[in-house]
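Data block for upload_33.pdb (PDB, C-alpha atoms):
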ATOM      1  CA  MET A 562     -12.272  19.713  15.654
ATOM      2  CA  GLY A 563     -15.316  18.947  17.827
ATOM      3  CA  ARG A 564     -17.280  16.760  15.412
ATOM      4  CA  LEU A 565     -14.106  15.108  14.160
ATOM      5  CA  LEU A 566     -13.554  13.521  17.550
ATOM      6  CA  LEU A 567     -16.579  11.349  16.882
ATOM      7  CA  ILE A 568     -14.566   9.637  14.178
ATOM      8  CA  THR A 569     -12.105   8.245  16.693
ATOM      9  CA  LEU A 570     -14.947   6.856  18.803
ATOM     10  CA  VAL A 571     -16.568   4.839  16.016
ATOM     11  CA  LEU A 572     -16.596   1.074  16.539
ATOM     12  CA  PHE A 573     -14.358  -0.330  13.847
ATOM     13  CA  SER A 574     -14.372  -3.861  12.489
ATOM     14  CA  ALA A 575     -10.908  -5.378  12.485
ATOM     15  CA  THR A 576      -9.444  -6.330   9.124
ATOM     16  CA  ALA A 577      -5.996  -7.029  10.527
ATOM     17  CA  LEU A 578      -4.479  -7.569  13.955
ATOM     18  CA  TYR A 579      -0.761  -7.712  14.665
ATOM     19  CA  SER A 580       1.095  -7.877  17.954
ATOM     20  CA  GLU A 581       4.751  -8.241  18.853
ATOM     21  CA  THR A 582       6.430 -10.113  21.692
ATOM     22  CA  GLN A 583       7.446  -6.770  23.195
ATOM     23  CA  ALA A 584       5.123  -4.741  25.435
ATOM     24  CA  ALA A 585       3.618  -2.515  22.737
ATOM     25  CA  GLU A 586       0.839  -3.999  20.629
ATOM     26  CA  TYR A 587      -0.814  -2.550  17.568
ATOM     27  CA  ARG A 588      -3.677  -3.208  15.229
ATOM     28  CA  VAL A 589      -5.086  -1.601  12.095
ATOM     29  CA  LEU A 590      -8.882  -1.536  12.013
ATOM     30  CA  SER A 591     -11.321  -0.549   9.300
ATOM     31  CA  GLN A 592     -14.959   0.338   8.735
ATOM     32  CA  ALA A 593     -17.030   1.254   5.690
ATOM     33  CA  ASN A 594     -16.878   4.970   4.934
ATOM     34  CA  ASP A 595     -20.101   6.926   4.532
ATOM     35  CA  THR A 596     -18.675   9.159   1.791
ATOM     36  CA  ASP A 597     -18.445   8.050  -1.822
ATOM     37  CA  ILE A 598     -14.963   9.382  -2.562
ATOM     38  CA  ALA A 599     -12.550   7.293  -4.589
ATOM     39  CA  TYR A 600      -9.024   7.337  -3.186
ATOM     40  CA  GLN A 601      -6.778   7.630  -6.248
ATOM     41  CA  ALA A 602      -3.605   9.188  -4.862
ATOM     42  CA  ASN A 603      -0.316   8.035  -6.354
ATOM     43  CA  ASP A 604       1.301   5.467  -4.062
ATOM     44  CA  PHE A 605       4.340   7.701  -3.631
ATOM     45  CA  TYR A 606       2.295  10.484  -2.030
ATOM     46  CA  SER A 607       0.381   8.067   0.179
ATOM     47  CA  ILE A 608       3.545   6.404   1.474
ATOM     48  CA  TYR A 609       5.369   9.738   1.799
ATOM     49  CA  TYR A 610       2.705  11.335   3.981
ATOM     50  CA  LEU A 611       1.900   8.228   6.017
ATOM     51  CA  TYR A 612       5.604   7.900   6.760
ATOM     52  CA  PHE A 613       6.213  11.528   7.726
ATOM     53  CA  ASN A 614       2.841  12.623   9.127
ATOM     54  CA  LEU A 615       1.978   9.414  10.944
ATOM     55  CA  ILE A 616       5.060   7.288  11.629
ATOM     56  CA  GLN A 617       7.585  10.093  12.129
ATOM     57  CA  ALA A 618       5.227  12.679  13.631
ATOM     58  CA  LEU A 619       4.147  10.264  16.375
ATOM     59  CA  ASN A 620       7.507   8.489  16.817
ATOM     60  CA  VAL A 621       5.977   5.107  15.994
ATOM     61  CA  GLU A 622       9.409   3.700  15.152
ATOM     62  CA  ARG A 623      10.444   4.131  18.788
ATOM     63  CA  HIS A 624       7.746   1.704  19.919
ATOM     64  CA  LEU A 625       7.417  -0.840  17.124
ATOM     65  CA  PRO A 626       9.859  -2.708  14.836
ATOM     66  CA  GLU A 627      10.278  -1.972  11.151
ATOM     67  CA  ALA A 628       8.073  -4.886  10.111
ATOM     68  CA  ALA A 629       5.191  -3.436  12.129
ATOM     69  CA  VAL A 630       5.720   0.033  10.630
ATOM     70  CA  ARG A 631       5.506  -1.442   7.142
ATOM     71  CA  GLU A 632       2.298  -3.307   7.924
ATOM     72  CA  ILE A 633       0.723  -0.188   9.445
ATOM     73  CA  ILE A 634       1.446   1.882   6.339
ATOM     74  CA  PHE A 635       0.420  -0.834   3.880
ATOM     75  CA  ASP A 636      -2.785  -1.864   5.669
ATOM     76  CA  THR A 637      -3.802   1.771   6.100
ATOM     77  CA  LEU A 638      -3.287   2.448   2.412
ATOM     78  CA  ASP A 639      -5.182  -0.684   1.415
ATOM     79  CA  ASN A 640      -8.116   0.390   3.596
ATOM     80  CA  LEU A 641      -8.213   3.839   1.992
ATOM     81  CA  LYS A 642      -8.155   2.366  -1.500
ATOM     82  CA  ARG A 643     -11.159   0.250  -0.563
ATOM     83  CA  GLN A 644     -12.934   3.474   0.502
ATOM     84  CA  ARG A 645     -12.890   2.500   4.169
ATOM     85  CA  PHE A 646     -12.016   4.321   7.369
ATOM     86  CA  SER A 647      -8.677   3.174   8.740
ATOM     87  CA  GLN A 648      -7.702   3.393  12.386
ATOM     88  CA  LEU A 649      -4.353   2.558  13.968
ATOM     89  CA  GLN A 650      -4.344   1.621  17.642
ATOM     90  CA  ILE A 651      -1.185   1.146  19.709
ATOM     91  CA  ARG A 652      -1.384  -0.080  23.293
ATOM     92  CA  ASP A 653       1.163   0.069  26.102
ATOM     93  CA  ALA A 654       3.482   2.485  24.320
ATOM     94  CA  TYR A 655       2.343   6.084  24.848
ATOM     95  CA  ALA A 656       1.686   7.962  28.081
ATOM     96  CA  GLY A 657      -1.985   8.587  28.801
ATOM     97  CA  PRO A 658      -5.158   6.814  29.925
ATOM     98  CA  GLU A 659      -6.034   5.152  26.604
ATOM     99  CA  PRO A 660      -4.319   3.516  23.614
ATOM    100  CA  LEU A 661      -3.049   5.778  20.850
ATOM    101  CA  ARG A 662      -5.659   6.073  18.090
ATOM    102  CA  VAL A 663      -5.015   7.568  14.662
ATOM    103  CA  THR A 664      -7.915   7.651  12.230
ATOM    104  CA  LEU A 665      -7.727   8.336   8.498
ATOM    105  CA  ARG A 666     -10.793   8.838   6.331
ATOM    106  CA  THR A 667     -11.839  10.635   3.188
ATOM    107  CA  ASP A 668     -14.412  13.400   3.395
ATOM    108  CA  VAL A 669     -15.504  16.640   1.730
ATOM    109  CA  ILE A 670     -14.404  19.807   3.470
ATOM    110  CA  ALA A 671     -17.221  22.276   4.011
ATOM    111  CA  ASP A 672     -15.066  25.356   3.264
ATOM    112  CA  ASP A 673     -14.598  24.676  -0.436
ATOM    113  CA  ASN A 674     -16.460  21.407  -1.158
ATOM    114  CA  LYS A 675     -13.249  19.620  -2.149
ATOM    115  CA  PRO A 676     -12.386  15.996  -1.303
ATOM    116  CA  ILE A 677      -9.852  15.580   1.476
ATOM    117  CA  LEU A 678      -8.153  12.966   3.628
ATOM    118  CA  TRP A 679      -8.391  13.545   7.377
ATOM    119  CA  LEU A 680      -5.673  12.362   9.756
ATOM    120  CA  ILE A 681      -6.952  12.653  13.331
ATOM    121  CA  SER A 682      -5.405  11.390  16.558
ATOM    122  CA  ASN A 683      -5.901  11.477  20.302
ATOM    123  CA  TYR A 684      -2.241  12.380  20.920
ATOM    124  CA  SER A 685      -1.074  15.792  22.119
ATOM    125  CA  LEU A 686       2.318  16.833  20.747
ATOM    126  CA  LYS A 687       2.493  19.493  23.454
ATOM    127  CA  GLU A 688       1.770  17.091  26.316
ATOM    128  CA  GLN A 689       3.580  14.180  24.634
ATOM    129  CA  ALA A 690       0.710  11.953  25.735
ATOM    130  CA  VAL A 691      -2.656  10.536  24.713
ATOM    131  CA  VAL A 692      -5.412  12.913  25.841
ATOM    132  CA  THR A 693      -9.158  12.611  26.350
ATOM    133  CA  GLY A 694     -12.156  14.867  26.885
ATOM    134  CA  LYS A 695     -11.797  18.560  26.067
ATOM    135  CA  ALA A 696      -8.019  18.221  25.740
ATOM    136  CA  ALA A 697      -8.542  15.952  22.738
ATOM    137  CA  ARG A 698      -9.821  18.931  20.762
ATOM    138  CA  HIS A 699      -6.213  20.077  20.550
ATOM    139  CA  ALA A 700      -4.728  16.689  19.740
ATOM    140  CA  TYR A 701      -2.513  16.206  16.697
ATOM    141  CA  GLY A 702      -4.311  16.185  13.362
ATOM    142  CA  THR A 703      -4.053  17.453   9.816
ATOM    143  CA  TYR A 704      -5.649  17.011   6.407
ATOM    144  CA  PHE A 705      -4.705  16.651   2.757
ATOM    145  CA  TYR A 706      -6.513  17.583  -0.426
ATOM    146  CA  LEU A 707      -7.182  14.836  -2.959
ATOM    147  CA  ALA A 708      -6.271  16.497  -6.251
ATOM    148  CA  GLY A 709      -6.468  13.827  -8.931
ATOM    149  CA  ASP A 710      -3.638  11.424  -8.206
ATOM    150  CA  LYS A 711      -1.952  13.969  -5.933
ATOM    151  CA  LEU A 712      -2.215  14.168  -2.169
ATOM    152  CA  VAL A 713      -1.532  17.753  -1.100
ATOM    153  CA  LYS A 714      -0.977  19.027   2.446
ATOM    154  CA  TYR A 715      -3.602  21.688   3.117
ATOM    155  CA  GLN A 716      -1.026  24.452   3.707
ATOM    156  CA  ARG A 717       0.161  24.090   0.114
ATOM    157  CA  LEU A 718      -3.249  25.134  -1.181
ATOM    158  CA  LYS A 719      -4.129  27.586   1.565
ATOM    159  CA  GLU A 720      -0.774  29.404   1.463
ATOM    160  CA  PRO A 721       0.792  28.909  -2.004
ATOM    161  CA  LYS A 722       4.115  30.531  -2.773
ATOM    162  CA  THR A 723       4.190  33.469  -5.172
ATOM    163  CA  ALA A 724       6.284  33.490  -8.357
ATOM    164  CA  GLU A 725       8.745  35.810  -6.620
ATOM    165  CA  GLN A 726       9.070  33.467  -3.639
ATOM    166  CA  LEU A 727       9.623  30.481  -5.907
ATOM    167  CA  ALA A 728      12.274  32.331  -7.896
ATOM    168  CA  ALA A 729      14.202  33.008  -4.690
ATOM    169  CA  LEU A 730      14.383  29.302  -3.794
ATOM    170  CA  SER A 731      17.320  27.034  -4.517
ATOM    171  CA  ALA A 732      16.908  24.486  -7.306
ATOM    172  CA  ASN A 733      16.315  21.693  -4.802
ATOM    173  CA  ALA A 734      13.825  23.679  -2.711
ATOM    174  CA  ARG A 735      11.821  24.658  -5.783
ATOM    175  CA  ALA A 736      11.841  21.089  -7.112
ATOM    176  CA  ASP A 737      10.663  19.869  -3.713
ATOM    177  CA  TYR A 738       7.839  22.427  -3.777
ATOM    178  CA  TYR A 739       6.774  21.340  -7.272
ATOM    179  CA  LEU A 740       6.824  17.691  -6.199
ATOM    180  CA  LEU A 741       4.383  18.276  -3.358
ATOM    181  CA  ASP A 742       2.089  20.973  -4.765
ATOM    182  CA  GLU A 743      -1.268  20.349  -6.447
ATOM    183  CA  SER A 744      -0.119  20.812 -10.052
ATOM    184  CA  ALA A 745       1.189  17.922 -12.111
ATOM    185  CA  ASP A 746       2.168  20.347 -14.881
ATOM    186  CA  ASN A 747       5.369  21.472 -13.157
ATOM    187  CA  ASP A 748       6.644  18.044 -12.107
ATOM    188  CA  GLN A 749       8.805  17.693 -15.207
ATOM    189  CA  ALA A 750      10.182  21.185 -14.628
ATOM    190  CA  GLY A 751      11.087  20.174 -11.072
ATOM    191  CA  LYS A 752      12.939  17.124 -12.290
ATOM    192  CA  GLN A 753      14.822  19.202 -14.847
ATOM    193  CA  LEU A 754      15.835  21.714 -12.173
ATOM    194  CA  LEU A 755      17.490  18.880 -10.256
ATOM    195  CA  LEU A 756      19.260  17.487 -13.323
ATOM    196  CA  ASN A 757      20.569  20.935 -14.277
ATOM    197  CA  ALA A 758      21.831  21.559 -10.740
ATOM    198  CA  LEU A 759      23.562  18.171 -10.725
ATOM    199  CA  ASP A 760      25.668  19.272 -13.702
ATOM    200  CA  LYS A 761      27.516  21.687 -11.388
ATOM    201  CA  PRO A 762      26.647  21.055  -7.728
ATOM    202  CA  ALA A 763      27.972  23.669  -5.315
ATOM    203  CA  SER A 764      29.230  21.003  -2.897
ATOM    204  CA  GLN A 765      29.161  17.303  -2.170
ATOM    205  CA  GLY A 766      26.432  17.942   0.368
ATOM    206  CA  GLU A 767      24.256  19.626  -2.236
ATOM    207  CA  GLU A 768      24.889  16.770  -4.659
ATOM    208  CA  VAL A 769      23.648  14.291  -2.050
ATOM    209  CA  ILE A 770      20.469  16.284  -1.423
ATOM    210  CA  LEU A 771      19.767  16.737  -5.142
ATOM    211  CA  ASN A 772      20.058  12.994  -5.717
ATOM    212  CA  LEU A 773      17.768  12.203  -2.789
ATOM    213  CA  THR A 774      15.074  14.550  -4.091
ATOM    214  CA  LEU A 775      15.440  13.129  -7.589
ATOM    215  CA  SER A 776      14.942   9.635  -6.145
ATOM    216  CA  GLN A 777      11.514  10.786  -4.941
ATOM    217  CA  TYR A 778      10.619  12.038  -8.414
ATOM    218  CA  HIS A 779      11.491   8.587  -9.739
ATOM    219  CA  LEU A 780       9.170   7.011  -7.155
ATOM    220  CA  LEU A 781       6.405   9.334  -8.330
ATOM    221  CA  ASP A 782       6.973   7.965 -11.850
ATOM    222  CA  GLY A 783       7.027   4.370 -10.587
ATOM    223  CA  ASN A 784      10.689   4.085 -11.601
ATOM    224  CA  LEU A 785      12.236   2.006  -8.799
ATOM    225  CA  LYS A 786      15.405   1.371 -10.766
ATOM    226  CA  GLY A 787      15.968   5.112 -11.150
ATOM    227  CA  ALA A 788      15.148   5.775  -7.481
ATOM    228  CA  ASN A 789      17.635   3.151  -6.313
ATOM    229  CA  ALA A 790      20.297   4.461  -8.683
ATOM    230  CA  ARG A 791      19.982   7.969  -7.196
ATOM    231  CA  LEU A 792      20.051   6.516  -3.696
ATOM    232  CA  ASP A 793      23.216   4.574  -4.540
ATOM    233  CA  ARG A 794      24.833   7.706  -5.972
ATOM    234  CA  ALA A 795      24.024   9.661  -2.801
ATOM    235  CA  ARG A 796      25.479   6.833  -0.689
ATOM    236  CA  ASP A 797      28.718   6.817  -2.709
ATOM    237  CA  ILE A 798      29.140  10.573  -2.244
ATOM    238  CA  LEU A 799      28.462  10.293   1.487
ATOM    239  CA  ARG A 800      31.168   7.649   1.848
ATOM    240  CA  ALA A 801      33.676  10.056   0.319
ATOM    241  CA  MET A 802      32.788  12.831   2.762
ATOM    242  CA  SER A 803      34.216  13.440   6.224
ATOM    243  CA  ARG A 804      32.408  12.005   9.240
ATOM    244  CA  SER A 805      31.249  15.440  10.394
ATOM    245  CA  GLU A 806      29.839  16.260   6.937
ATOM    246  CA  ARG A 807      28.074  12.888   6.724
ATOM    247  CA  ARG A 808      26.485  13.416  10.114
ATOM    248  CA  LYS A 809      24.601  16.475   8.839
ATOM    249  CA  LEU A 810      22.970  14.444   6.055
ATOM    250  CA  ARG A 811      22.454  11.133   7.854
ATOM    251  CA  VAL A 812      18.800  11.710   8.752
ATOM    252  CA  LEU A 813      17.892  12.902   5.241
ATOM    253  CA  PHE A 814      19.500   9.837   3.717
ATOM    254  CA  HIS A 815      17.760   7.521   6.197
ATOM    255  CA  HIS A 816      14.338   8.938   5.331
ATOM    256  CA  ALA A 817      14.981   8.743   1.592
ATOM    257  CA  LYS A 818      16.157   5.133   1.931
ATOM    258  CA  GLN A 819      13.058   4.249   3.963
ATOM    259  CA  LEU A 820      10.738   5.764   1.354
ATOM    260  CA  VAL A 821      12.352   3.759  -1.452
ATOM    261  CA  ALA A 822      12.207   0.548   0.599
ATOM    262  CA  LEU A 823       8.571   1.103   1.604
ATOM    263  CA  TYR A 824       7.516   1.892  -1.961
ATOM    264  CA  SER A 825       9.344  -1.181  -3.276
ATOM    265  CA  GLU A 826       7.815  -3.512  -0.700
ATOM    266  CA  TYR A 827       4.333  -2.132  -1.221
ATOM    267  CA  ARG A 828       4.533  -2.696  -4.963
ATOM    268  CA  THR A 829       5.647  -6.262  -4.299
ATOM    269  CA  ARG A 830       2.682  -6.701  -1.957
ATOM    270  CA  GLN A 831       0.331  -5.320  -4.629
ATOM    271  CA  ALA A 832       1.658  -7.787  -7.180
ATOM    272  CA  GLN A 833       0.866 -10.606  -4.751
ATOM    273  CA  SER A 834      -2.607  -9.196  -3.934
ATOM    274  CA  PRO A 835      -4.328  -8.334  -7.235
ATOM    275  CA  ASP A 836      -7.514  -7.213  -5.462
ATOM    276  CA  THR A 837      -5.788  -3.980  -4.397
ATOM    277  CA  SER A 838      -5.663  -1.642  -7.410
ATOM    278  CA  ALA A 839      -2.326  -0.015  -8.240
ATOM    279  CA  THR A 840      -2.160   3.758  -8.233
ATOM    280  CA  GLY A 841       1.572   4.232  -8.419
TER     281      GLY A 841
END
Could you show the structure in this file as structure tokens?
Amino acid sequence: MGRLLLITLVLFSATALYSETQAAEYRVLSQANDTDIAYQANDFYSIYYLYFNLIQALNVERHLPEAAVREIIFDTLDNLKRQRFSQLQIRDAYAGPEPLRVTLRTDVIADDNKPILWLISNYSLKEQAVVTGKAARHAYGTYFYLAGDKLVKYQRLKEPKTAEQLAALSANARADYYLLDESADNDQAGKQLLLNALDKPASQGEEVILNLTLSQYHLLDGNLKGANARLDRARDILRAMSRSERRKLRVLFHHAKQLVALYSEYRTRQAQSPDTSATG
């Protein structure tokens, strides 16, 4: 990670600055990228991974309100589409000597000469604090392959499941794998697995999970009406379940609801800002 640390030290030009009345302040900065890689990932994948691997992984929601989280995700995605570095900075929120910095940029990985998206931070999950110097070499970071309009977590390509492993998965687990792997050819098969399983769900809990996963497939297709319908169906089933059963699925439902809301609001923002090309 040595040379990657240089990325977080680059002087960025601010394209947007937002601060709240509370102690924590944030801003999303950008700079021209030195690699000529078009960012063409489907909006679903971009929002999915920014939500889980940035917002959730670093507990951003604990420090900033929902409106700030939305702006962080949307401004970051807009920067990437314009082939620019994007860096999030949050002050007065995380332990450590400096503000939190999370940098995203496209690049070509030397191992296989494939285009990727780096996500690099100066935050240590182990220390639960911003770190500097040599300690920053072990700060939180990951990368994703840019495979056409798919954004694929590197483990999916480095450690793919075998046919035997896939066959042993539940219908929902296999559909989830298909959704997030590098192949678009099995996406329809994943959707059909969910629909078949919904004909005879093993339990109400399984029916909720199947509907939530299917809502993500609808987002991939740009079908907000279908995504909301599956979300509504999951909500209706949850209301009919006992409190203890609902509690087990509450977090999953929250995340699915957030993804649908974020996707919907970003598409609305795109419609109001025609200079940002749609990739959803």
Apply the PyMOL selection byres ((chain A and resi 615) around 10) to the file shown and report the selected residues as an mmCIF file with C-alpha atoms, keeping the file's coordinate frame.
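Final output, out_6.cif:
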data_model
loop_
_atom_site.group_PDB
_atom_site.id
_atom_site.type_symbol
_atom_site.label_atom_id
_atom_site.label_comp_id
_atom_site.auth_asym_id
_atom_site.auth_seq_id
_atom_site.Cartn_x
_atom_site.Cartn_y
_atom_site.Cartn_z
ATOM 1 C CA TYR A 609 5.369 9.738 1.799
ATOM 2 C CA TYR A 610 2.705 11.335 3.981
ATOM 3 C CA LEU A 611 1.900 8.228 6.017
ATOM 4 C CA TYR A 612 5.604 7.900 6.760
ATOM 5 C CA PHE A 613 6.213 11.528 7.726
ATOM 6 C CA ASN A 614 2.841 12.623 9.127
ATOM 7 C CA ILE A 616 5.060 7.288 11.629
ATOM 8 C CA GLN A 617 7.585 10.093 12.129
ATOM 9 C CA ALA A 618 5.227 12.679 13.631
ATOM 10 C CA LEU A 619 4.147 10.264 16.375
ATOM 11 C CA ASN A 620 7.507 8.489 16.817
ATOM 12 C CA VAL A 621 5.977 5.107 15.994
ATOM 13 C CA ILE A 633 0.723 -0.188 9.445
ATOM 14 C CA ILE A 634 1.446 1.882 6.339
ATOM 15 C CA LEU A 649 -4.353 2.558 13.968
ATOM 16 C CA VAL A 663 -5.015 7.568 14.662
ATOM 17 C CA LEU A 680 -5.673 12.362 9.756
ATOM 18 C CA ILE A 681 -6.952 12.653 13.331
ATOM 19 C CA SER A 682 -5.405 11.390 16.558
ATOM 20 C CA TYR A 701 -2.513 16.206 16.697
ATOM 21 C CA GLY A 702 -4.311 16.185 13.362
#
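The coordinates place CA of Leu773 in chain A at 12.2 Å from CA of Asp797 in chain A.
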Problem - Point-to-point distance in Å for CA of Leu641 in chain A and CA of Asp604 in chain A - result: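 Computed distance, CA of Asp604 in chain A to CA of Leu641 in chain A, equals 11.4 Å.
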Practice task
Taking the file above as input, evaluate the PyMOL selection byres ((chain A and resi 586) around 6) and report the hits as a ChimeraX atom specification.
Solution key: /A:580,585,587,651-652
Practice task
Name the residues captured by the PyMOL selection byres ((chain A and resi 608) around 12) when it is applied to the shown file; answer as a PyMOL selection string.
Solution key: chain A and resi 602-607+609-617+630-639+711-712+777+780-781+816-817+819-828+840-841
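Interatomic distance, CA of Ile677 in chain A to CA of Glu720 in chain A: 16.5 Å.
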Practice task
Can you work out which one of A:Leu707, A:Leu741, A:Leu625, A:Leu792 has the shortest atom-to-atom distance to Thr667 in chain A, counting all atoms listed in the file?
Solution key: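 Once distances to Thr667 in chain A are computed over all atoms listed in the file, the minimum belongs to A:Leu707.
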Handout entry: Phe646 in chain A environment, 8 Å, all atoms listed in the file, sequence neighbours closer than 5 positions dropped, as a PyMOL selection string
Key = chain A and resi 591-594+640-641+664-667
Practice task
Find, counting only C-alpha atoms, the residue in A:Ala629, A:Leu590, A:Ala790, A:Ala724 that gets nearest to Gln648 in chain A.
Solution key: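 Checking each candidate against Gln648 in chain A, we get A:Leu590 as the closest.
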Practice task
Could you check which of A:Ala763, A:Ala736, A:Ala654, A:Leu661 is closest to Thr693 in chain A, using only C-alpha atoms?
Solution key: A:Leu661
Handout entry: Top pick for closest residue to Arg794 in chain A, considering A:Leu813, A:Val769, A:Ala599, A:Leu718 and counting only C-alpha atoms
Key = A:Val769
Completion exercise
Shortest contact to Lys714 in chain A, candidates A:Val589, A:Leu740, A:Ala656, A:Ala728, atoms counted only C-alpha atoms, goes to A:Leu740
Problem - Distance query Tyr715 in chain A at most 7 Å, only C-alpha atoms, self and fewer than 5 positions along chain excluded, as a list in words - result: Tyr704, Phe705 and Tyr706 of chain A
Where atoms are lacking, range 729-736 of chain A completed to all heavy atoms, as a PDB file, keeping the file's coordinate frame:
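As written to disk, out06.pdb reads:
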ATOM      1  N   ALA A 729      13.145  32.807  -5.684  1.00  0.00           N
ATOM      2  CA  ALA A 729      14.202  33.008  -4.690  1.00  0.00           C
ATOM      3  C   ALA A 729      14.694  31.695  -4.087  1.00  0.00           C
ATOM      4  O   ALA A 729      15.717  31.683  -3.388  1.00  0.00           O
ATOM      5  CB  ALA A 729      13.697  33.927  -3.577  1.00  0.00           C
ATOM      6  N   LEU A 730      14.000  30.583  -4.367  1.00  0.00           N
ATOM      7  CA  LEU A 730      14.383  29.302  -3.794  1.00  0.00           C
ATOM      8  C   LEU A 730      15.559  28.678  -4.547  1.00  0.00           C
ATOM      9  O   LEU A 730      15.780  28.947  -5.724  1.00  0.00           O
ATOM     10  CB  LEU A 730      13.199  28.334  -3.839  1.00  0.00           C
ATOM     11  CG  LEU A 730      11.967  28.683  -3.002  1.00  0.00           C
ATOM     12  CD1 LEU A 730      10.872  27.653  -3.255  1.00  0.00           C
ATOM     13  CD2 LEU A 730      12.307  28.751  -1.524  1.00  0.00           C
ATOM     14  N   SER A 731      16.276  27.814  -3.857  1.00  0.00           N
ATOM     15  CA  SER A 731      17.320  27.034  -4.517  1.00  0.00           C
ATOM     16  C   SER A 731      16.658  26.041  -5.472  1.00  0.00           C
ATOM     17  O   SER A 731      15.442  25.798  -5.406  1.00  0.00           O
ATOM     18  CB  SER A 731      18.140  26.266  -3.484  1.00  0.00           C
ATOM     19  OG  SER A 731      17.344  25.263  -2.861  1.00  0.00           O
ATOM     20  N   ALA A 732      17.453  25.450  -6.351  1.00  0.00           N
ATOM     21  CA  ALA A 732      16.908  24.486  -7.306  1.00  0.00           C
ATOM     22  C   ALA A 732      16.249  23.318  -6.578  1.00  0.00           C
ATOM     23  O   ALA A 732      15.153  22.877  -6.952  1.00  0.00           O
ATOM     24  CB  ALA A 732      18.018  23.980  -8.227  1.00  0.00           C
ATOM     25  N   ASN A 733      16.885  22.823  -5.521  1.00  0.00           N
ATOM     26  CA  ASN A 733      16.315  21.693  -4.802  1.00  0.00           C
ATOM     27  C   ASN A 733      15.033  22.078  -4.076  1.00  0.00           C
ATOM     28  O   ASN A 733      14.051  21.332  -4.091  1.00  0.00           O
ATOM     29  CB  ASN A 733      17.319  21.141  -3.791  1.00  0.00           C
ATOM     30  CG  ASN A 733      16.817  19.875  -3.140  1.00  0.00           C
ATOM     31  OD1 ASN A 733      16.855  18.801  -3.726  1.00  0.00           O
ATOM     32  ND2 ASN A 733      16.308  19.988  -1.918  1.00  0.00           N
ATOM     33  N   ALA A 734      15.011  23.243  -3.443  1.00  0.00           N
ATOM     34  CA  ALA A 734      13.825  23.679  -2.711  1.00  0.00           C
ATOM     35  C   ALA A 734      12.641  23.892  -3.658  1.00  0.00           C
ATOM     36  O   ALA A 734      11.506  23.548  -3.335  1.00  0.00           O
ATOM     37  CB  ALA A 734      14.115  24.958  -1.933  1.00  0.00           C
ATOM     38  N   ARG A 735      12.907  24.443  -4.825  1.00  0.00           N
ATOM     39  CA  ARG A 735      11.821  24.658  -5.783  1.00  0.00           C
ATOM     40  C   ARG A 735      11.324  23.321  -6.332  1.00  0.00           C
ATOM     41  O   ARG A 735      10.115  23.118  -6.475  1.00  0.00           O
ATOM     42  CB  ARG A 735      12.259  25.548  -6.937  1.00  0.00           C
ATOM     43  CG  ARG A 735      11.067  26.072  -7.736  1.00  0.00           C
ATOM     44  CD  ARG A 735      11.443  26.719  -9.056  1.00  0.00           C
ATOM     45  NE  ARG A 735      12.380  27.812  -8.908  1.00  0.00           N
ATOM     46  CZ  ARG A 735      12.789  28.582  -9.915  1.00  0.00           C
ATOM     47  NH1 ARG A 735      12.338  28.352 -11.141  1.00  0.00           N
ATOM     48  NH2 ARG A 735      13.662  29.550  -9.712  1.00  0.00           N
ATOM     49  N   ALA A 736      12.242  22.411  -6.627  1.00  0.00           N
ATOM     50  CA  ALA A 736      11.841  21.089  -7.112  1.00  0.00           C
ATOM     51  C   ALA A 736      11.023  20.353  -6.053  1.00  0.00           C
ATOM     52  O   ALA A 736      10.039  19.679  -6.369  1.00  0.00           O
ATOM     53  CB  ALA A 736      13.070  20.270  -7.488  1.00  0.00           C
TER      54      ALA A 736
END
